[in-house]
Amino acid sequence: MVGLAAGSSAQEPGLGEIARQAGRSFGTAVQGDWLESQADYAAAVLRETTLLVPEYEGKWAAIQPEEGKFEFEPLSRVTRWAAANRKQVRGHALIWHQAMPDWLVAALGEGASRARALMEAHFDRVLETTRGQIRDWDVVNEAVANPRGSDNPQDDGEFRDTPWLRALGKDYIATAFRLARERDATLRLTLNDYGVEADSPWADEKRRRLLALARELVDAKVPLDAVGIQAHLQMDHAFSAEKFRGFVASLRELGLSVLITEMDVREPSKLSGGIAARDEAVARYTKDFLAAAIDGGVRTILTWGITDKHSWLVTDKDVARKDGATHRGLPLDDDYRRKPMWKAMAEVLGKA
Ligand code: XIL
């Protein structure tokens with residue numbers, strides 16, 4: 001057994017156990033390398049979660065870097081660790097416009113039948129290899145186009161312009177769900193997306209598009225089970241609990257489950273106060289959001305990482321702060337100590 005991380009005691013249950021006792025499940029994105037090589041990291045994941053999602057090991061570029069050459073070892077590091085430590089695993093993501101190897105982008109330009117064959121071959125191998133180890137999959141990630149905005153002067157319409165869309169039209173989405181269901185009828189099949197959390201006209205429009213897509217798939221009897229809301233939250237954006245709950249309710253009225261799949265919090269562009277004040281503000285923002293999600297009936301919640309140390313908000317240059325500070329948007333700090341965000345999450349996840 002690995003030792004407990006700093007700032008915890010053996011008596012205190014982790015977020016996963018707290019959630020479980022209230023009939024919910026809590027998990028986080030992990031990387032298999034760190035589970036194997038960093039004991040403090042593995043101990044924190046062990047203590048705080050009941051569910052894992054691989055941060056990159058399930059993406060196309062990781063699994064099929066060359067056509068027909070499948071690499072399951074990175075993903076197996078996660079599923080093996082999960083099995084040994086009795087954690088469940090979600091899959092992420094079968095179809096996404098990022099983490100596509102160059103060969104795939106080129107091959108998708110060769111026409112619809114080639115595109116469909118590639119999708120089938122990938123799903124065949126991935127779903128056969130992970131059968132019984134992964135209980136649900138993000139089948140299609142980020143299919144909805146972003147409305148016009150400051151970083152997006154041109155609005156492409158309802159669906160994101162991707163190599164898959166260009167090869168197969170918008171039916172690539174329905175096709176992916178059907179192929180996944182045919183290969184494993186026991187999986188929970190999820191449509192995952194972002195930008196649907198805030199209280200703004202932009203987010204209103206993104207919500208409308210995602211809901212319209214979900215409704216269209218359900219009406220067409222496409223085997224869609226759940227919608228995943230990534231929840232990469234931004235404190236610069238206003239939040240309305242009422243509006244967000246209403247959105248979750250609309251999805252659930254379609255008969256779908258709603259999951260929070262990648263939660264983390266970007267701090268405001270202008271920081272105020274020291275670390276303690278910043279952490280309290282992150283905790284308050286998290287609590288408002290998570291309480292609304294849970295009141296709306298969300299039962300599965302994952303954060304995109306467990307510690308600020310490894311957060312993509314810190315390590316990915318596209319989302320990292322430009323002012324030299326680092327985001328503190330996950331429940332544990334760099335030393336695996338529980339932050340006010342942890343406490344806020346524990347309160348909400350454990351609510352009767
Ligand atoms: C991110 C990873 O965290 C980064 O390490 C990687 O560089 C890019 O992808 N939405 C998703 C995730 O669905 O797969 C993304 O993960 C974060 C945004």
# chains A, B, ... in the order shown; residues from 1 in each chain; ligands from 1

$ residues_around --residues "range 253-255 of chain A" --least-positions-apart "4" --cutoff "10 Å" --atoms "only C-alpha atoms" --output "list in words"
Leu211, Ala214, Arg215, Val218, Asp219, Leu224, Asp225, Ala226, Phe247, Val248 and Ala249 of chain A

$ write_last_selection --atoms "all heavy atoms" --output "CSV table (one decimal), in the first residue's frame"
chain,number,residue,atom,x,y,z
A,211,LEU,N,-28.3,20.7,-27.3
A,211,LEU,CA,-29.6,20.1,-27.0
A,211,LEU,C,-30.3,19.7,-28.3
A,211,LEU,O,-30.9,18.6,-28.4
A,211,LEU,CB,-30.5,21.1,-26.2
A,211,LEU,CG,-31.9,20.7,-25.8
A,211,LEU,CD1,-31.8,19.4,-24.9
A,211,LEU,CD2,-32.6,21.8,-25.1
A,214,ALA,N,-28.7,16.5,-29.5
A,214,ALA,CA,-29.1,15.3,-28.6
A,214,ALA,C,-30.5,14.9,-29.0
A,214,ALA,O,-30.8,13.7,-29.1
A,214,ALA,CB,-29.0,15.7,-27.1
A,215,ARG,N,-31.4,15.9,-29.1
A,215,ARG,CA,-32.8,15.6,-29.5
A,215,ARG,C,-32.9,14.9,-30.8
A,215,ARG,O,-33.7,13.9,-31.0
A,215,ARG,CB,-33.6,16.9,-29.4
A,215,ARG,CG,-35.1,16.7,-29.7
A,215,ARG,CD,-35.9,17.9,-29.5
A,215,ARG,NE,-36.0,18.2,-28.0
A,215,ARG,CZ,-35.8,19.5,-27.5
A,215,ARG,NH1,-35.5,20.5,-28.3
A,215,ARG,NH2,-36.0,19.7,-26.2
A,218,VAL,N,-31.8,11.3,-30.4
A,218,VAL,CA,-32.8,10.5,-29.7
A,218,VAL,C,-34.0,10.2,-30.6
A,218,VAL,O,-34.5,9.1,-30.7
A,218,VAL,CB,-33.2,11.2,-28.4
A,218,VAL,CG1,-34.5,10.6,-27.8
A,218,VAL,CG2,-32.1,11.2,-27.4
A,219,ASP,N,-34.5,11.3,-31.3
A,219,ASP,CA,-35.7,11.1,-32.2
A,219,ASP,C,-35.4,10.1,-33.3
A,219,ASP,O,-36.3,9.4,-33.7
A,219,ASP,CB,-36.0,12.5,-32.8
A,219,ASP,CG,-36.7,13.4,-31.9
A,219,ASP,OD1,-37.1,13.0,-30.7
A,219,ASP,OD2,-36.9,14.6,-32.2
A,224,LEU,N,-27.9,6.6,-28.1
A,224,LEU,CA,-27.2,7.6,-27.3
A,224,LEU,C,-27.7,7.4,-25.9
A,224,LEU,O,-28.9,7.4,-25.7
A,224,LEU,CB,-27.5,9.0,-27.8
A,224,LEU,CG,-27.1,10.2,-26.9
A,224,LEU,CD1,-25.5,10.3,-26.9
A,224,LEU,CD2,-27.7,11.5,-27.4
A,225,ASP,N,-26.8,7.3,-24.9
A,225,ASP,CA,-27.3,7.1,-23.5
A,225,ASP,C,-27.1,8.3,-22.6
A,225,ASP,O,-27.8,8.5,-21.6
A,225,ASP,CB,-26.5,5.9,-22.9
A,225,ASP,CG,-26.7,4.6,-23.7
A,225,ASP,OD1,-27.9,4.3,-23.9
A,225,ASP,OD2,-25.7,4.0,-24.0
A,226,ALA,N,-26.1,9.1,-22.9
A,226,ALA,CA,-25.7,10.1,-22.0
A,226,ALA,C,-25.1,11.3,-22.7
A,226,ALA,O,-24.5,11.2,-23.8
A,226,ALA,CB,-24.7,9.6,-21.0
A,247,PHE,N,-31.0,23.4,-18.2
A,247,PHE,CA,-30.3,22.7,-19.3
A,247,PHE,C,-30.2,21.2,-19.0
A,247,PHE,O,-30.5,20.4,-19.9
A,247,PHE,CB,-29.0,23.4,-19.6
A,247,PHE,CG,-28.2,22.7,-20.7
A,247,PHE,CD1,-28.7,22.6,-22.0
A,247,PHE,CD2,-26.9,22.1,-20.4
A,247,PHE,CE1,-27.9,22.0,-23.0
A,247,PHE,CE2,-26.2,21.5,-21.4
A,247,PHE,CZ,-26.7,21.5,-22.7
A,248,VAL,N,-29.7,20.9,-17.8
A,248,VAL,CA,-29.6,19.5,-17.4
A,248,VAL,C,-30.9,18.8,-17.5
A,248,VAL,O,-31.1,17.7,-18.0
A,248,VAL,CB,-28.9,19.4,-16.0
A,248,VAL,CG1,-29.0,18.0,-15.5
A,248,VAL,CG2,-27.5,19.9,-16.1
A,249,ALA,N,-31.9,19.5,-17.0
A,249,ALA,CA,-33.3,19.0,-17.0
A,249,ALA,C,-33.8,18.7,-18.4
A,249,ALA,O,-34.4,17.6,-18.7
A,249,ALA,CB,-34.3,19.9,-16.3

$ residues_around --residues "range 174-182 of chain A" --least-positions-apart "4" --cutoff "10 Å" --atoms "only C-alpha atoms" --output "count of residues only"
30

$ closest_atom_pairs --of "chain A" --to "ligand 1" --cutoff "9 Å" --atoms "only C-alpha atoms and all ligand atoms" --output "tab-separated table"
residue	atom	partner	partner_atom_place_in_ligand_line	distance
A:Ala29	CA	ligand 1	3 (O)	8.2
A:Pro54	CA	ligand 1	14 (O)	8.9
A:Glu55	CA	ligand 1	3 (O)	5.7
A:Tyr56	CA	ligand 1	2 (C)	6.4
A:Lys59	CA	ligand 1	14 (O)	7.8
A:His92	CA	ligand 1	14 (O)	7.1
A:Ala93	CA	ligand 1	14 (O)	7.3
A:Trp96	CA	ligand 1	13 (O)	8.1
A:Gln98	CA	ligand 1	9 (O)	7.8
A:Ala99	CA	ligand 1	8 (C)	7.6
A:Asp138	CA	ligand 1	13 (O)	8.9
A:Asn141	CA	ligand 1	13 (O)	6.3
A:Glu142	CA	ligand 1	13 (O)	7.2
A:Asn192	CA	ligand 1	13 (O)	7.5
A:Asp193	CA	ligand 1	13 (O)	7.4
A:Tyr194	CA	ligand 1	10 (N)	7.4
A:Gln230	CA	ligand 1	10 (N)	6.9
A:His232	CA	ligand 1	18 (C)	7.6
A:Thr261	CA	ligand 1	13 (O)	8.6
A:Glu262	CA	ligand 1	10 (N)	7.2
A:Trp304	CA	ligand 1	3 (O)	7.0
A:Gly305	CA	ligand 1	3 (O)	8.2
A:His310	CA	ligand 1	5 (O)	9.0
A:Ser311	CA	ligand 1	3 (O)	7.3
A:Trp312	CA	ligand 1	3 (O)	4.9
A:Leu313	CA	ligand 1	3 (O)	8.0
A:Thr315	CA	ligand 1	5 (O)	7.4
A:Asp316	CA	ligand 1	7 (O)	5.9
A:Lys317	CA	ligand 1	7 (O)	8.7
A:Asp318	CA	ligand 1	7 (O)	8.8

$ closest_residue --among "A:Arg208, A:His122, A:Lys243, A:Arg135" --to "Arg90 in chain A" --atoms "only C-alpha atoms"
A:Arg135

$ closest_residue --among "A:Asp33, A:Asp171, A:Glu48, A:Asp288" --to "Ile306 in chain A" --atoms "only C-alpha atoms"
A:Glu48

$ residues_around --residues "Leu108 in chain A" --least-positions-apart "5" --cutoff "9 Å" --atoms "only C-alpha atoms" --output "VMD selection string"
chain A and resid 103 114 to 116 118 163 to 164 166 to 168

$ write_last_selection --atoms "N, CA, C and O atoms" --output "PDB file, in the first residue's frame"
ATOM      1  N   TRP A 103      -1.854  10.673 -40.605  1.00  0.00           N
ATOM      2  CA  TRP A 103      -2.296   9.696 -41.615  1.00  0.00           C
ATOM      3  C   TRP A 103      -3.822   9.613 -41.655  1.00  0.00           C
ATOM      4  O   TRP A 103      -4.425   9.445 -42.721  1.00  0.00           O
ATOM      5  N   ARG A 114     -14.029   5.043 -47.411  1.00  0.00           N
ATOM      6  CA  ARG A 114     -12.760   4.888 -46.689  1.00  0.00           C
ATOM      7  C   ARG A 114     -12.910   5.358 -45.238  1.00  0.00           C
ATOM      8  O   ARG A 114     -12.437   4.706 -44.302  1.00  0.00           O
ATOM      9  N   ALA A 115     -13.596   6.480 -45.038  1.00  0.00           N
ATOM     10  CA  ALA A 115     -13.785   7.030 -43.689  1.00  0.00           C
ATOM     11  C   ALA A 115     -14.575   6.052 -42.824  1.00  0.00           C
ATOM     12  O   ALA A 115     -14.227   5.785 -41.669  1.00  0.00           O
ATOM     13  N   ARG A 116     -15.628   5.522 -43.397  1.00  0.00           N
ATOM     14  CA  ARG A 116     -16.456   4.597 -42.627  1.00  0.00           C
ATOM     15  C   ARG A 116     -15.680   3.327 -42.267  1.00  0.00           C
ATOM     16  O   ARG A 116     -15.774   2.804 -41.153  1.00  0.00           O
ATOM     17  N   LEU A 118     -12.496   3.071 -41.798  1.00  0.00           N
ATOM     18  CA  LEU A 118     -11.530   3.396 -40.743  1.00  0.00           C
ATOM     19  C   LEU A 118     -12.206   3.468 -39.378  1.00  0.00           C
ATOM     20  O   LEU A 118     -11.669   3.012 -38.367  1.00  0.00           O
ATOM     21  N   PRO A 163     -12.438  16.802 -40.086  1.00  0.00           N
ATOM     22  CA  PRO A 163     -12.229  15.837 -41.185  1.00  0.00           C
ATOM     23  C   PRO A 163     -13.340  14.785 -41.256  1.00  0.00           C
ATOM     24  O   PRO A 163     -13.702  14.338 -42.345  1.00  0.00           O
ATOM     25  N   TRP A 164     -13.882  14.415 -40.109  1.00  0.00           N
ATOM     26  CA  TRP A 164     -14.983  13.434 -40.105  1.00  0.00           C
ATOM     27  C   TRP A 164     -16.237  14.022 -40.740  1.00  0.00           C
ATOM     28  O   TRP A 164     -16.933  13.361 -41.513  1.00  0.00           O
ATOM     29  N   ARG A 166     -16.341  16.429 -42.905  1.00  0.00           N
ATOM     30  CA  ARG A 166     -16.122  16.611 -44.336  1.00  0.00           C
ATOM     31  C   ARG A 166     -16.227  15.279 -45.087  1.00  0.00           C
ATOM     32  O   ARG A 166     -16.695  15.225 -46.211  1.00  0.00           O
ATOM     33  N   ALA A 167     -15.823  14.202 -44.422  1.00  0.00           N
ATOM     34  CA  ALA A 167     -15.858  12.898 -45.103  1.00  0.00           C
ATOM     35  C   ALA A 167     -17.264  12.292 -45.128  1.00  0.00           C
ATOM     36  O   ALA A 167     -17.655  11.679 -46.123  1.00  0.00           O
ATOM     37  N   LEU A 168     -17.996  12.442 -44.037  1.00  0.00           N
ATOM     38  CA  LEU A 168     -19.246  11.681 -43.893  1.00  0.00           C
ATOM     39  C   LEU A 168     -20.477  12.553 -43.690  1.00  0.00           C
ATOM     40  O   LEU A 168     -21.584  12.032 -43.547  1.00  0.00           O
TER      41      LEU A 168
END

$ residues_around --residues "range 235-241 of chain A" --least-positions-apart "4" --cutoff "8 Å" --atoms "only C-alpha atoms" --output "PDB file with all heavy atoms, in the first residue's frame"
ATOM      1  N   GLU A 197     -21.823  25.825 -19.908  1.00  0.00           N
ATOM      2  CA  GLU A 197     -22.005  26.010 -18.467  1.00  0.00           C
ATOM      3  C   GLU A 197     -22.336  27.440 -18.068  1.00  0.00           C
ATOM      4  O   GLU A 197     -23.085  27.674 -17.119  1.00  0.00           O
ATOM      5  CB  GLU A 197     -20.719  25.568 -17.728  1.00  0.00           C
ATOM      6  CG  GLU A 197     -20.311  24.113 -17.985  1.00  0.00           C
ATOM      7  CD  GLU A 197     -19.472  23.951 -19.268  1.00  0.00           C
ATOM      8  OE1 GLU A 197     -19.118  24.976 -19.880  1.00  0.00           O
ATOM      9  OE2 GLU A 197     -19.172  22.794 -19.644  1.00  0.00           O
ATOM     10  N   ALA A 198     -21.778  28.416 -18.785  1.00  0.00           N
ATOM     11  CA  ALA A 198     -21.847  29.802 -18.299  1.00  0.00           C
ATOM     12  C   ALA A 198     -23.190  30.457 -18.579  1.00  0.00           C
ATOM     13  O   ALA A 198     -24.031  29.935 -19.309  1.00  0.00           O
ATOM     14  CB  ALA A 198     -20.731  30.614 -18.956  1.00  0.00           C
ATOM     15  N   ASP A 199     -23.373  31.630 -17.969  1.00  0.00           N
ATOM     16  CA  ASP A 199     -24.552  32.440 -18.218  1.00  0.00           C
ATOM     17  C   ASP A 199     -24.154  33.567 -19.171  1.00  0.00           C
ATOM     18  O   ASP A 199     -23.738  34.638 -18.740  1.00  0.00           O
ATOM     19  CB  ASP A 199     -25.068  33.012 -16.887  1.00  0.00           C
ATOM     20  CG  ASP A 199     -26.350  33.798 -17.081  1.00  0.00           C
ATOM     21  OD1 ASP A 199     -26.948  33.703 -18.174  1.00  0.00           O
ATOM     22  OD2 ASP A 199     -26.754  34.508 -16.144  1.00  0.00           O
ATOM     23  N   SER A 200     -24.245  33.280 -20.467  1.00  0.00           N
ATOM     24  CA  SER A 200     -23.886  34.278 -21.483  1.00  0.00           C
ATOM     25  C   SER A 200     -24.644  33.935 -22.758  1.00  0.00           C
ATOM     26  O   SER A 200     -25.045  32.781 -22.952  1.00  0.00           O
ATOM     27  CB  SER A 200     -22.376  34.222 -21.770  1.00  0.00           C
ATOM     28  OG  SER A 200     -22.053  32.995 -22.411  1.00  0.00           O
ATOM     29  N   ARG A 245     -29.302  24.318 -14.384  1.00  0.00           N
ATOM     30  CA  ARG A 245     -30.207  23.222 -13.974  1.00  0.00           C
ATOM     31  C   ARG A 245     -31.258  22.966 -15.038  1.00  0.00           C
ATOM     32  O   ARG A 245     -31.620  21.827 -15.327  1.00  0.00           O
ATOM     33  CB  ARG A 245     -30.922  23.585 -12.667  1.00  0.00           C
ATOM     34  CG  ARG A 245     -30.285  23.043 -11.418  1.00  0.00           C
ATOM     35  CD  ARG A 245     -31.271  23.025 -10.245  1.00  0.00           C
ATOM     36  NE  ARG A 245     -32.131  24.195 -10.188  1.00  0.00           N
ATOM     37  CZ  ARG A 245     -31.856  25.308  -9.501  1.00  0.00           C
ATOM     38  NH1 ARG A 245     -30.753  25.387  -8.792  1.00  0.00           N
ATOM     39  NH2 ARG A 245     -32.681  26.322  -9.511  1.00  0.00           N
ATOM     40  N   VAL A 265     -11.265  24.551 -13.036  1.00  0.00           N
ATOM     41  CA  VAL A 265     -11.656  25.957 -12.925  1.00  0.00           C
ATOM     42  C   VAL A 265     -10.502  26.863 -13.322  1.00  0.00           C
ATOM     43  O   VAL A 265      -9.413  26.774 -12.751  1.00  0.00           O
ATOM     44  CB  VAL A 265     -12.077  26.298 -11.471  1.00  0.00           C
ATOM     45  CG1 VAL A 265     -12.581  27.740 -11.397  1.00  0.00           C
ATOM     46  CG2 VAL A 265     -13.131  25.330 -10.965  1.00  0.00           C
ATOM     47  N   ARG A 266     -10.750  27.709 -14.322  1.00  0.00           N
ATOM     48  CA  ARG A 266      -9.753  28.733 -14.673  1.00  0.00           C
ATOM     49  C   ARG A 266     -10.036  29.986 -13.872  1.00  0.00           C
ATOM     50  O   ARG A 266     -11.149  30.499 -13.881  1.00  0.00           O
ATOM     51  CB  ARG A 266      -9.833  29.063 -16.165  1.00  0.00           C
ATOM     52  CG  ARG A 266      -9.244  27.943 -16.984  1.00  0.00           C
ATOM     53  CD  ARG A 266      -9.421  28.176 -18.473  1.00  0.00           C
ATOM     54  NE  ARG A 266      -9.773  26.888 -19.046  1.00  0.00           N
ATOM     55  CZ  ARG A 266      -9.870  26.618 -20.332  1.00  0.00           C
ATOM     56  NH1 ARG A 266      -9.652  27.562 -21.220  1.00  0.00           N
ATOM     57  NH2 ARG A 266     -10.187  25.405 -20.745  1.00  0.00           N
ATOM     58  N   GLU A 267      -9.028  30.473 -13.215  1.00  0.00           N
ATOM     59  CA  GLU A 267      -9.206  31.661 -12.377  1.00  0.00           C
ATOM     60  C   GLU A 267      -9.369  32.914 -13.253  1.00  0.00           C
ATOM     61  O   GLU A 267      -9.058  32.897 -14.441  1.00  0.00           O
ATOM     62  CB  GLU A 267      -8.018  31.791 -11.439  1.00  0.00           C
ATOM     63  CG  GLU A 267      -7.955  30.639 -10.441  1.00  0.00           C
ATOM     64  CD  GLU A 267      -6.870  30.868  -9.413  1.00  0.00           C
ATOM     65  OE1 GLU A 267      -7.086  31.694  -8.506  1.00  0.00           O
ATOM     66  OE2 GLU A 267      -5.803  30.258  -9.547  1.00  0.00           O
ATOM     67  N   PRO A 268      -9.862  34.003 -12.642  1.00  0.00           N
ATOM     68  CA  PRO A 268     -10.113  35.223 -13.426  1.00  0.00           C
ATOM     69  C   PRO A 268      -8.838  35.748 -14.079  1.00  0.00           C
ATOM     70  O   PRO A 268      -7.737  35.517 -13.573  1.00  0.00           O
ATOM     71  CB  PRO A 268     -10.608  36.234 -12.375  1.00  0.00           C
ATOM     72  CG  PRO A 268     -10.968  35.434 -11.188  1.00  0.00           C
ATOM     73  CD  PRO A 268     -10.188  34.172 -11.223  1.00  0.00           C
ATOM     74  N   SER A 269      -8.998  36.491 -15.171  1.00  0.00           N
ATOM     75  CA  SER A 269      -7.803  37.036 -15.821  1.00  0.00           C
ATOM     76  C   SER A 269      -7.088  38.032 -14.908  1.00  0.00           C
ATOM     77  O   SER A 269      -5.871  38.143 -14.960  1.00  0.00           O
ATOM     78  CB  SER A 269      -8.129  37.650 -17.180  1.00  0.00           C
ATOM     79  OG  SER A 269      -9.435  38.117 -17.220  1.00  0.00           O
ATOM     80  N   VAL A 282     -12.191  30.111  -5.822  1.00  0.00           N
ATOM     81  CA  VAL A 282     -12.336  28.918  -6.677  1.00  0.00           C
ATOM     82  C   VAL A 282     -13.351  27.956  -6.043  1.00  0.00           C
ATOM     83  O   VAL A 282     -14.219  27.392  -6.725  1.00  0.00           O
ATOM     84  CB  VAL A 282     -10.974  28.217  -6.885  1.00  0.00           C
ATOM     85  CG1 VAL A 282     -11.154  26.841  -7.535  1.00  0.00           C
ATOM     86  CG2 VAL A 282     -10.035  29.091  -7.719  1.00  0.00           C
ATOM     87  N   TYR A 285     -16.959  29.202  -6.511  1.00  0.00           N
ATOM     88  CA  TYR A 285     -17.419  29.040  -7.902  1.00  0.00           C
ATOM     89  C   TYR A 285     -17.743  27.565  -8.166  1.00  0.00           C
ATOM     90  O   TYR A 285     -18.767  27.218  -8.755  1.00  0.00           O
ATOM     91  CB  TYR A 285     -16.348  29.554  -8.867  1.00  0.00           C
ATOM     92  CG  TYR A 285     -16.872  29.831 -10.256  1.00  0.00           C
ATOM     93  CD1 TYR A 285     -17.350  31.096 -10.608  1.00  0.00           C
ATOM     94  CD2 TYR A 285     -16.906  28.821 -11.219  1.00  0.00           C
ATOM     95  CE1 TYR A 285     -17.832  31.353 -11.889  1.00  0.00           C
ATOM     96  CE2 TYR A 285     -17.391  29.067 -12.506  1.00  0.00           C
ATOM     97  CZ  TYR A 285     -17.848  30.334 -12.823  1.00  0.00           C
ATOM     98  OH  TYR A 285     -18.341  30.577 -14.087  1.00  0.00           O
ATOM     99  N   ASP A 288     -21.062  26.483  -6.391  1.00  0.00           N
ATOM    100  CA  ASP A 288     -22.284  26.918  -7.083  1.00  0.00           C
ATOM    101  C   ASP A 288     -22.561  26.017  -8.285  1.00  0.00           C
ATOM    102  O   ASP A 288     -23.691  25.600  -8.529  1.00  0.00           O
ATOM    103  CB  ASP A 288     -22.130  28.361  -7.589  1.00  0.00           C
ATOM    104  CG  ASP A 288     -22.174  29.363  -6.442  1.00  0.00           C
ATOM    105  OD1 ASP A 288     -22.544  28.975  -5.315  1.00  0.00           O
ATOM    106  OD2 ASP A 288     -21.818  30.541  -6.681  1.00  0.00           O
ATOM    107  N   PHE A 289     -21.502  25.731  -9.035  1.00  0.00           N
ATOM    108  CA  PHE A 289     -21.685  24.921 -10.239  1.00  0.00           C
ATOM    109  C   PHE A 289     -22.097  23.493  -9.884  1.00  0.00           C
ATOM    110  O   PHE A 289     -23.075  22.951 -10.403  1.00  0.00           O
ATOM    111  CB  PHE A 289     -20.402  24.902 -11.076  1.00  0.00           C
ATOM    112  CG  PHE A 289     -20.506  23.941 -12.231  1.00  0.00           C
ATOM    113  CD1 PHE A 289     -21.243  24.291 -13.351  1.00  0.00           C
ATOM    114  CD2 PHE A 289     -19.925  22.680 -12.168  1.00  0.00           C
ATOM    115  CE1 PHE A 289     -21.391  23.393 -14.405  1.00  0.00           C
ATOM    116  CE2 PHE A 289     -20.082  21.784 -13.210  1.00  0.00           C
ATOM    117  CZ  PHE A 289     -20.812  22.136 -14.335  1.00  0.00           C
ATOM    118  N   ALA A 292     -25.567  22.997  -8.514  1.00  0.00           N
ATOM    119  CA  ALA A 292     -26.601  23.088  -9.560  1.00  0.00           C
ATOM    120  C   ALA A 292     -26.654  21.784 -10.355  1.00  0.00           C
ATOM    121  O   ALA A 292     -27.731  21.264 -10.668  1.00  0.00           O
ATOM    122  CB  ALA A 292     -26.311  24.268 -10.486  1.00  0.00           C
TER     123      ALA A 292
END

$ closest_residue --among "A:Glu347, A:Asp264, A:Glu12, A:Asp279" --to "Ile294 in chain A" --atoms "only C-alpha atoms"
A:Glu347

$ closest_residue --among "A:Glu73, A:Asp161, A:Asp184, A:Asp323" --to "Ile134 in chain A" --atoms "only C-alpha atoms"
A:Asp184

$ closest_residue --among "A:Lys351, A:Arg321, A:Arg86, A:Arg252" --to "Leu271 in chain A" --atoms "only C-alpha atoms"
A:Arg321

$ residues_around --residues "Trp81 in chain A" --least-positions-apart "6" --cutoff "12 Å" --atoms "only C-alpha atoms" --output "list in words"
Val30, Gln31, Gly32, Asp33, Trp34, Leu35, Glu36, Ser37, Ala42, Ala43, Val45, Leu46, Leu51, Leu52, Val53, Pro54, Pro74, Leu75, Lys87, Gln88, Val89 and Gln133 of chain A
